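Colleague: I have a structure I would like to understand better, so I am pasting it below and will then ask my questions one at a time.
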Amino acid sequence: MHITVIGAGYVGIPTAAVFAKLGHTVCLLDVDEKKIGALRQGKLPFFEPGLAEAVGEQLSSGALSVTTEYNAAIAHAEVVFICVGTPPLPTGEADLSYVFSAARSIAENFGPHRTLIVTKSTVPVGTAEKVRKIISDVTLSSKGGSASGGSLSRDLAQFDLASCPEFLPEGSALADALNPDRIVIGADTDRAREILLKLHEGLPGARVVTDVRTAELIKYACNAFLATKIFFINEIASLCEQTGANVADVATAMGMDKRIGPAFLRAGIGYGGSCFPKDTRALASIASGHNHDFQLLKAVIEVNQQQRARFLEKVKLILGGVSGKRIGVLGLAFKNNTDDVRESAALEIVAYLMKDGASVVAYDPKAEANAKIALPALVTCSTAAEALQHADAALILTEWTEFRDLPWQQLKSLMRQPIIPDGKNLLDPSQMRASGFTYVSVGRP
Ligand code: UDX
Ligand code: UDX
């Protein structure tokens with residue numbers, strides 16, 4: 001089939017690459033000339049394991065093309081995926097202006113055949129109906145535009161709407177897109193349902209076929225629940241610190257219960273990224289917009305933010321204050337295997353330390369450039385050893401596994417004080433203490 005994906009971001013690029021890999025003809029559209037120019041050379045706007053290779057492959061096979069022009073991209077498309085950003089407004093509500101501008105542009109460029117429009121970006125329940133209204137208004141006004149007469153195709157433009165939310169974690173987006181647990185298809189017409197089932201043939205995983213509103217809510221429900229699991233284990237970690245229990249063993253035992261499952265029970269400095277903080281706030285505002293006081297979700301949002309402060313208190317306590325101290329930081333990305341620093345807890349903690357008068361030197365395998373854009377005053381370096389040179393403490397703030405394999409014995413001799421506050425429970429407490437470090441972590445004695 002001929003597909004167009006709008007939005008060359010963390011959602012749009014893996015989506016386009018996978019459909020091209022499945023043998024469809026895919027056109028990836030973005031309004032950002034720079035991004036499209038770079039993509040033409042197979043350069044991605046972000047790091048994602050294996051994605052640059054997959055895009056390069058599909059570009060050279062001709063299955064995938066990239067453009068900034070709406071007209072050709074839409075006129076030939078049987079299916080159009082909307083994958084533009086839906087960032088949070090100050091109120092926490094999702095900003096749908098990009099989704100609506102994409103919908104208008106689609107409607108202005110309809111081809112002669114019936115087009116299926118699919119929202120893949122995370123959007124509040126009821127967004128598809130708003131998109132439908134925008135598109136109908138555009139096609140109606142073009143009918144009304146008697147001067148130009150509107151092209152016959154536009155006047156008769158019929159279209160279907162569907163919701164096909166993505167569940168891609170950054171750092172494994174391509175792998176997960178090729179091997180999904182399930183594909184959620186929210187459609188209100190048989191035609192839309194059939195097209196989407198056919199389009200996804202060749203991909204493993206279950207199919208959940210439902211209506212559009214339900215599909216829109218499924219995405220928020222999943223992300224909010226995953227965020228709740230992290231909130232819960234962080235609360236248990238605090239209790240472990242009061243009672244002398246070990247949260248890692250608690251999580252292991254909990255996870256062995258099939259009803260709970262082992263994933264997303266890693267205590268730390270709280271979740272970050274462009275999804276959980278945005279989607280939990282958006283769902284809370286959707287709930288209050290429907291007169292539902294989602295108390296648990298409010299607690300999740302609140303307590304998650306406190307994790308940063310809890311960890312900072314620990315650092316201040318062990319160092320006797322951070323002002324004037326030299327602090328080495330390992331990790332700036334919001335999680336491992338990504339260069340994304342959006343709502344990164346690591347970056348928030350670094351910003352606090354700098355504000356409190358610490359001199360910070362930070363190392364991250366991939367996120368250095370993005371971190372410096374977000375925090376221009378940040379001093380970074382290109383190895384862990386440089387970050388730990390003369391440091392009063394080494395903070396671990398992102399779960400890069402390479403930090404586990406560092407030559408800690410050697411690094412200790414570079415440090416002024418062998419103190420390691422580990423915000424990600426990455427290292428083994430008894431091993432680190434045996435090597436002579438003062439080691440603190442989250443919820444472990
Ligand atoms: C983000 C969130 O990560 C995801 O959870 C949510 O579902 C949608 O918003 P993401 O792919 O990360 O998705 O968005 P982003 O990386 O901001 O990329 C969006 C792209 O759309 C940008 O490249 C932007 O230039 C492009 N865009 C935006 C358009 O092509 N047209 C527009 O009108 C607006
Ligand atoms: C998430 C969802 O997993 C994905 O399905 C959705 O499409 C987008 O949002 P992402 O935000 O990319 O993916 O990363 P994820 O692996 O979910 O981690 C989110 C945050 O939670 C990170 O800051 C991570 O460090 C933290 N986290 C994760 C924990 O603190 N503990 C855990 O056990 C797992």
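Please note that chains go A, B, ... in the order of the structure tokens, that every chain numbers its residues from 1, and that ligands are numbered from 1 in the order shown.
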Please provide as a ChimeraX atom specification all residues within 8 Å of Arg114 (chain A), with the sequence filter that same-chain residues fewer than 4 positions apart are discarded (counting only C-alpha atoms).

Modeller: /A:78,157-160

Colleague: Given only C-alpha atoms and all ligand atoms, how would the per-residue table for chain A near ligand 1 read, listing every residue at most 8 Å away with its closest atom pair and distance in Å to one decimal, sorted by chain and number, as a tab-separated table?

Modeller:
residue	atom	partner	partner_atom_place_in_ligand_line	distance
A:Ile6	CA	ligand 1	30 (O)	5.4
A:Gly7	CA	ligand 1	21 (O)	3.3
A:Ala8	CA	ligand 1	23 (O)	4.5
A:Gly9	CA	ligand 1	18 (O)	3.3
A:Tyr10	CA	ligand 1	11 (O)	3.6
A:Val11	CA	ligand 1	11 (O)	3.8
A:Gly12	CA	ligand 1	11 (O)	5.6
A:Ile13	CA	ligand 1	11 (O)	7.7
A:Leu29	CA	ligand 1	30 (O)	6.1
A:Asp30	CA	ligand 1	30 (O)	3.5
A:Val31	CA	ligand 1	30 (O)	4.3
A:Asp32	CA	ligand 1	25 (O)	4.8
A:Lys35	CA	ligand 1	23 (O)	6.9
A:Thr68	CA	ligand 1	30 (O)	7.9
A:Cys83	CA	ligand 1	8 (C)	6.1
A:Val84	CA	ligand 1	21 (O)	3.7
A:Gly85	CA	ligand 1	9 (O)	3.1
A:Thr86	CA	ligand 1	9 (O)	4.3
A:Pro87	CA	ligand 1	9 (O)	6.0
A:Ser97	CA	ligand 1	33 (O)	7.6
A:Tyr98	CA	ligand 1	33 (O)	4.3
A:Val99	CA	ligand 1	33 (O)	6.5
A:Phe100	CA	ligand 1	33 (O)	7.6
A:Ser101	CA	ligand 1	33 (O)	5.1
A:Ala102	CA	ligand 1	33 (O)	4.9
A:Lys120	CA	ligand 1	7 (O)	6.6
A:Ser121	CA	ligand 1	7 (O)	3.4
A:Thr122	CA	ligand 1	7 (O)	3.6
A:Val123	CA	ligand 1	7 (O)	6.9
A:Pro165	CA	ligand 1	7 (O)	7.7
A:Glu166	CA	ligand 1	7 (O)	7.3
A:Ser274	CA	ligand 1	3 (O)	5.2
A:Cys275	CA	ligand 1	5 (O)	4.9
A:Lys278	CA	ligand 1	5 (O)	7.9
A:Asp279	CA	ligand 1	5 (O)	7.7

Colleague: List all protein, DNA and RNA residues that have any atom at most 7 Å from ligand 2, counting only C-alpha atoms and all ligand atoms, and write the list as a ChimeraX atom specification.

Modeller: /A:166-171,223,230,263-276,334-335,344-345,398-399

Colleague: I need the residues of region 36-109 of chain A that end up classed as strand (DSSP E or B) by DSSP on the backbone, written out as a ChimeraX atom specification.

Modeller: /A:64-67,79-82,88,94

Colleague: With N, CA, C and O atoms kept, could you save the residues just selected as a compact mmCIF listing (two decimals), in the first residue's frame?

Modeller:
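Saved the output as part09.txt:
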# COMPACT_ATOMS: atom_id res chain seq x y z
N LEU A 64 11.19 3.76 0.88
CA LEU A 64 10.94 4.93 1.73
C LEU A 64 11.43 6.19 1.03
O LEU A 64 12.52 6.21 0.45
N SER A 65 10.60 7.23 1.04
CA SER A 65 11.07 8.53 0.54
C SER A 65 10.74 9.57 1.61
O SER A 65 9.85 9.34 2.45
N VAL A 66 11.45 10.71 1.61
CA VAL A 66 11.19 11.74 2.60
C VAL A 66 10.91 13.05 1.88
O VAL A 66 11.41 13.28 0.78
N THR A 67 10.06 13.89 2.47
CA THR A 67 9.68 15.13 1.80
C THR A 67 9.17 16.17 2.80
O THR A 67 8.88 15.83 3.95
N VAL A 79 -3.19 5.57 3.06
CA VAL A 79 -3.26 5.70 4.52
C VAL A 79 -2.29 6.80 4.94
O VAL A 79 -1.16 6.84 4.44
N VAL A 80 -2.73 7.69 5.81
CA VAL A 80 -1.87 8.76 6.33
C VAL A 80 -1.80 8.66 7.85
O VAL A 80 -2.84 8.68 8.53
N PHE A 81 -0.58 8.50 8.39
CA PHE A 81 -0.40 8.42 9.85
C PHE A 81 0.02 9.79 10.37
O PHE A 81 0.97 10.38 9.86
N ILE A 82 -0.66 10.27 11.39
CA ILE A 82 -0.28 11.53 12.02
C ILE A 82 0.59 11.20 13.24
O ILE A 82 0.12 10.58 14.20
N PRO A 88 3.08 18.82 26.28
CA PRO A 88 2.12 19.31 27.28
C PRO A 88 2.03 20.84 27.27
O PRO A 88 3.03 21.52 27.07
N ALA A 94 -2.68 18.12 26.66
CA ALA A 94 -1.87 17.88 25.46
C ALA A 94 -2.10 19.03 24.47
O ALA A 94 -3.23 19.44 24.22

Colleague: Using only C-alpha atoms, find the one residue out of A:Leu203, A:Ser382, A:Met254, A:Gly423 that sits nearest to Ala309 (chain A).

Modeller: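 Closest to Ala309 (chain A), using only C-alpha atoms: A:Gly423.
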
Colleague: Where in region 134-356 of chain A does DSSP assign alpha helix (DSSP H), given as a PyMOL selection string?

Modeller: chain A and resi 134-144+152-155+173-178+190-199+212-243+247-255+276-289+295-319+345-355

Colleague: Within 7 Å of region 24-26 of chain A, counting only C-alpha atoms, which residues show up once you throw out same-chain ones fewer than 6 positions away? Write them as a list in words, please.

Modeller: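 Here the answer would be Met1, His2, Ile3, Thr4, Ala16, Ala63, Leu64 and Ser65 of chain A.
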
Colleague: Just N, CA and C atoms for this one: save the residues we selected as a JSON list (two decimals), in the first residue's frame.

Modeller:
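Output file selection31.json is given in full below:
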[["chain", "number", "residue", "atom", "x", "y", "z"],
["A", 1, "MET", "N", 0.84, -1.18, 0.00],
["A", 1, "MET", "CA", 0.00, 0.00, 0.00],
["A", 1, "MET", "C", 0.89, 1.26, 0.00],
["A", 2, "HIS", "N", 0.25, 2.37, -0.40],
["A", 2, "HIS", "CA", 0.95, 3.68, -0.35],
["A", 2, "HIS", "C", 0.58, 4.36, 0.96],
["A", 3, "ILE", "N", 1.63, 4.61, 1.76],
["A", 3, "ILE", "CA", 1.42, 5.19, 3.08],
["A", 3, "ILE", "C", 2.18, 6.49, 3.20],
["A", 4, "THR", "N", 1.60, 7.45, 3.92],
["A", 4, "THR", "CA", 2.35, 8.66, 4.26],
["A", 4, "THR", "C", 2.37, 8.80, 5.78],
["A", 16, "ALA", "N", 7.62, 4.70, 9.94],
["A", 16, "ALA", "CA", 7.88, 4.72, 8.50],
["A", 16, "ALA", "C", 8.83, 3.58, 8.11],
["A", 63, "ALA", "N", 11.81, 2.05, -1.10],
["A", 63, "ALA", "CA", 10.52, 1.81, -0.42],
["A", 63, "ALA", "C", 10.14, 3.05, 0.40],
["A", 64, "LEU", "N", 11.19, 3.76, 0.88],
["A", 64, "LEU", "CA", 10.94, 4.93, 1.73],
["A", 64, "LEU", "C", 11.43, 6.19, 1.03],
["A", 65, "SER", "N", 10.60, 7.23, 1.04],
["A", 65, "SER", "CA", 11.07, 8.53, 0.54],
["A", 65, "SER", "C", 10.74, 9.57, 1.61]]

Colleague: Using CA of Val18 (chain A) and CA of Gly56 (chain A) as the two end points, give the distance in Å to one decimal.

Modeller: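 For CA of Val18 (chain A) relative to CA of Gly56 (chain A), the distance reads 12.4 Å.
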
Colleague: For Ala282 (chain A), find every residue with an atom within 6 Å (counting only C-alpha atoms), except residues of its own chain fewer than 2 positions away, and show them as a compact mmCIF listing (two decimals) with all heavy atoms, in the first residue's frame.

Modeller:
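Contents of around.txt, as written:
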# COMPACT_ATOMS: atom_id res chain seq x y z
N GLY A 92 -0.86 21.13 31.54
CA GLY A 92 -0.71 19.66 31.55
C GLY A 92 -1.48 19.04 30.41
O GLY A 92 -1.20 17.94 29.97
N GLU A 93 -2.45 19.78 29.88
CA GLU A 93 -3.24 19.28 28.74
C GLU A 93 -2.32 19.07 27.53
O GLU A 93 -1.31 19.78 27.39
CB GLU A 93 -4.22 20.40 28.35
CG GLU A 93 -5.69 20.10 28.52
CD GLU A 93 -6.46 21.37 28.20
OE1 GLU A 93 -6.27 22.35 28.94
OE2 GLU A 93 -7.18 21.39 27.19
N ALA A 94 -2.68 18.12 26.66
CA ALA A 94 -1.87 17.88 25.46
C ALA A 94 -2.10 19.03 24.47
O ALA A 94 -3.23 19.44 24.22
CB ALA A 94 -2.28 16.56 24.84
N ASP A 279 2.16 12.18 29.57
CA ASP A 279 0.92 11.42 29.48
C ASP A 279 0.20 11.32 30.82
O ASP A 279 -1.03 11.30 30.85
CB ASP A 279 1.22 10.02 28.91
CG ASP A 279 1.72 10.11 27.46
OD1 ASP A 279 1.61 11.21 26.86
OD2 ASP A 279 2.23 9.11 26.94
N THR A 280 0.95 11.27 31.91
CA THR A 280 0.28 11.24 33.23
C THR A 280 -0.44 12.58 33.45
O THR A 280 -1.59 12.61 33.88
CB THR A 280 1.29 11.00 34.37
OG1 THR A 280 2.43 11.85 34.16
CG2 THR A 280 1.73 9.55 34.42
N ALA A 284 -4.49 13.09 33.70
CA ALA A 284 -5.08 13.75 34.88
C ALA A 284 -5.99 14.88 34.42
O ALA A 284 -7.10 15.06 34.95
CB ALA A 284 -3.98 14.28 35.80
N SER A 285 -5.56 15.60 33.37
CA SER A 285 -6.39 16.73 32.94
C SER A 285 -7.60 16.22 32.15
O SER A 285 -8.69 16.79 32.23
CB SER A 285 -5.56 17.75 32.15
OG SER A 285 -5.69 17.58 30.77

Colleague: State, in Å with one decimal place, the distance from CA of Lys130 (chain A) to CA of His200 (chain A).

Modeller: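 Rounded to one decimal, the two atoms are 25.7 Å apart.
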
Colleague: Between A:Pro124, A:Asp392, A:Ile106, A:Ser163, which has the minimum distance to Ala221 (chain A) (counting only C-alpha atoms)?

Modeller: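 Smallest distance to Ala221 (chain A) is found for A:Pro124.
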
Colleague: For region 323-332 of chain A, list every protein, DNA or RNA residue within 8 Å, evaluated using only C-alpha atoms, and leave out those in the same chain fewer than 4 positions away; present the list as a ChimeraX atom specification.

Modeller: /A:341,344,346-347,350,356-365,367-368,371,384,387-400,403

Colleague: Keeping N, CA, C and O atoms for every residue in the selection just given, could you write it to a file as a short mmCIF file (atom, residue, chain, number, x, y, z; two decimals), in the first residue's frame?

Modeller:
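After the write, again_9.cif holds the following:
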data_model
loop_
_atom_site.label_atom_id
_atom_site.label_comp_id
_atom_site.auth_asym_id
_atom_site.auth_seq_id
_atom_site.Cartn_x
_atom_site.Cartn_y
_atom_site.Cartn_z
N VAL A 341 17.10 13.98 26.34
CA VAL A 341 17.16 14.53 27.70
C VAL A 341 15.84 15.18 28.11
O VAL A 341 15.76 15.84 29.14
N SER A 344 14.50 14.82 31.68
CA SER A 344 15.44 13.87 32.29
C SER A 344 15.66 14.21 33.76
O SER A 344 16.03 15.34 34.10
N ALA A 346 18.01 13.14 35.54
CA ALA A 346 19.45 13.39 35.70
C ALA A 346 19.75 14.87 35.50
O ALA A 346 20.45 15.49 36.31
N LEU A 347 19.16 15.44 34.45
CA LEU A 347 19.45 16.84 34.13
C LEU A 347 18.86 17.77 35.20
O LEU A 347 19.47 18.77 35.58
N VAL A 350 21.24 17.68 38.11
CA VAL A 350 22.46 18.44 37.80
C VAL A 350 22.18 19.94 37.91
O VAL A 350 22.97 20.69 38.50
N ASP A 356 23.00 25.10 43.57
CA ASP A 356 23.43 25.09 44.98
C ASP A 356 24.93 25.26 45.13
O ASP A 356 25.48 25.02 46.20
N GLY A 357 25.63 25.63 44.05
CA GLY A 357 27.04 26.00 44.18
C GLY A 357 28.02 24.87 44.01
O GLY A 357 29.21 25.01 44.30
N ALA A 358 27.57 23.71 43.54
CA ALA A 358 28.53 22.62 43.28
C ALA A 358 29.16 22.86 41.91
O ALA A 358 28.55 23.48 41.04
N SER A 359 30.42 22.38 41.73
CA SER A 359 30.97 22.46 40.36
C SER A 359 30.87 21.05 39.80
O SER A 359 31.46 20.11 40.32
N VAL A 360 30.05 20.93 38.76
CA VAL A 360 29.70 19.63 38.19
C VAL A 360 30.43 19.41 36.88
O VAL A 360 30.54 20.31 36.05
N VAL A 361 30.98 18.20 36.71
CA VAL A 361 31.48 17.77 35.40
C VAL A 361 30.75 16.47 35.06
O VAL A 361 30.71 15.55 35.87
N ALA A 362 30.09 16.45 33.89
CA ALA A 362 29.20 15.31 33.58
C ALA A 362 29.62 14.59 32.32
O ALA A 362 30.12 15.19 31.38
N TYR A 363 29.44 13.27 32.36
CA TYR A 363 29.72 12.43 31.18
C TYR A 363 28.48 11.60 30.85
O TYR A 363 27.83 11.06 31.76
N ASP A 364 28.13 11.55 29.55
CA ASP A 364 27.05 10.65 29.12
C ASP A 364 27.45 10.10 27.74
O ASP A 364 27.86 10.87 26.87
N PRO A 365 27.34 8.80 27.52
CA PRO A 365 27.78 8.21 26.25
C PRO A 365 27.13 8.82 25.01
O PRO A 365 27.74 8.88 23.95
N ALA A 367 24.23 11.57 25.33
CA ALA A 367 23.32 12.71 25.49
C ALA A 367 24.01 14.04 25.72
O ALA A 367 23.36 15.06 25.97
N GLU A 368 25.36 14.06 25.61
CA GLU A 368 26.10 15.28 25.95
C GLU A 368 25.60 16.49 25.16
O GLU A 368 25.28 17.54 25.74
N ALA A 371 22.20 17.66 26.19
CA ALA A 371 22.23 18.19 27.56
C ALA A 371 22.76 19.62 27.56
O ALA A 371 22.24 20.50 28.26
N ALA A 384 34.35 8.82 31.62
CA ALA A 384 33.96 8.76 33.03
C ALA A 384 35.14 9.23 33.89
O ALA A 384 34.96 9.97 34.87
N ALA A 387 35.26 12.85 34.32
CA ALA A 387 34.18 13.35 35.19
C ALA A 387 34.53 13.14 36.66
O ALA A 387 34.16 13.94 37.52
N LEU A 388 35.30 12.07 36.94
CA LEU A 388 35.56 11.72 38.34
C LEU A 388 36.87 12.30 38.86
O LEU A 388 37.17 12.21 40.05
N GLN A 389 37.65 12.95 38.00
CA GLN A 389 38.95 13.54 38.38
C GLN A 389 38.75 14.54 39.53
O GLN A 389 37.93 15.46 39.42
N HIS A 390 39.42 14.33 40.68
CA HIS A 390 39.32 15.22 41.86
C HIS A 390 37.89 15.40 42.36
O HIS A 390 37.55 16.41 42.96
N ALA A 391 37.03 14.42 42.09
CA ALA A 391 35.63 14.61 42.50
C ALA A 391 35.42 14.23 43.97
O ALA A 391 36.04 13.29 44.45
N ASP A 392 34.53 14.99 44.65
CA ASP A 392 34.15 14.64 46.01
C ASP A 392 33.09 13.56 46.03
O ASP A 392 32.81 12.96 47.06
N ALA A 393 32.46 13.35 44.86
CA ALA A 393 31.45 12.28 44.75
C ALA A 393 31.22 11.97 43.29
O ALA A 393 31.40 12.84 42.42
N ALA A 394 30.83 10.71 43.02
CA ALA A 394 30.46 10.28 41.67
C ALA A 394 28.99 9.90 41.69
O ALA A 394 28.61 8.94 42.37
N LEU A 395 28.14 10.70 41.01
CA LEU A 395 26.70 10.41 41.00
C LEU A 395 26.35 9.60 39.76
O LEU A 395 26.73 9.97 38.66
N ILE A 396 25.61 8.50 39.96
CA ILE A 396 25.13 7.72 38.81
C ILE A 396 23.66 8.08 38.60
O ILE A 396 22.81 7.83 39.46
N LEU A 397 23.34 8.72 37.47
CA LEU A 397 21.98 9.26 37.26
C LEU A 397 21.26 8.68 36.05
O LEU A 397 20.08 9.00 35.84
N THR A 398 21.95 7.86 35.22
CA THR A 398 21.29 7.20 34.08
C THR A 398 21.78 5.75 34.02
O THR A 398 22.95 5.49 34.27
N GLU A 399 20.86 4.84 33.70
CA GLU A 399 21.19 3.40 33.81
C GLU A 399 21.95 2.87 32.59
O GLU A 399 21.62 1.81 32.04
N TRP A 400 23.02 3.58 32.17
CA TRP A 400 23.86 3.05 31.09
C TRP A 400 24.61 1.85 31.66
O TRP A 400 25.34 1.97 32.65
N PHE A 403 28.40 1.87 32.78
CA PHE A 403 28.87 2.40 34.07
C PHE A 403 29.11 1.25 35.05
O PHE A 403 29.90 1.36 35.97
#

Colleague: Quick one: distance from CA of Lys34 (chain A) to CA of Asp176 (chain A) in Å, one decimal?

Modeller: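 Straight-line distance from CA of Lys34 (chain A) to CA of Asp176 (chain A) works out to 27.3 Å.
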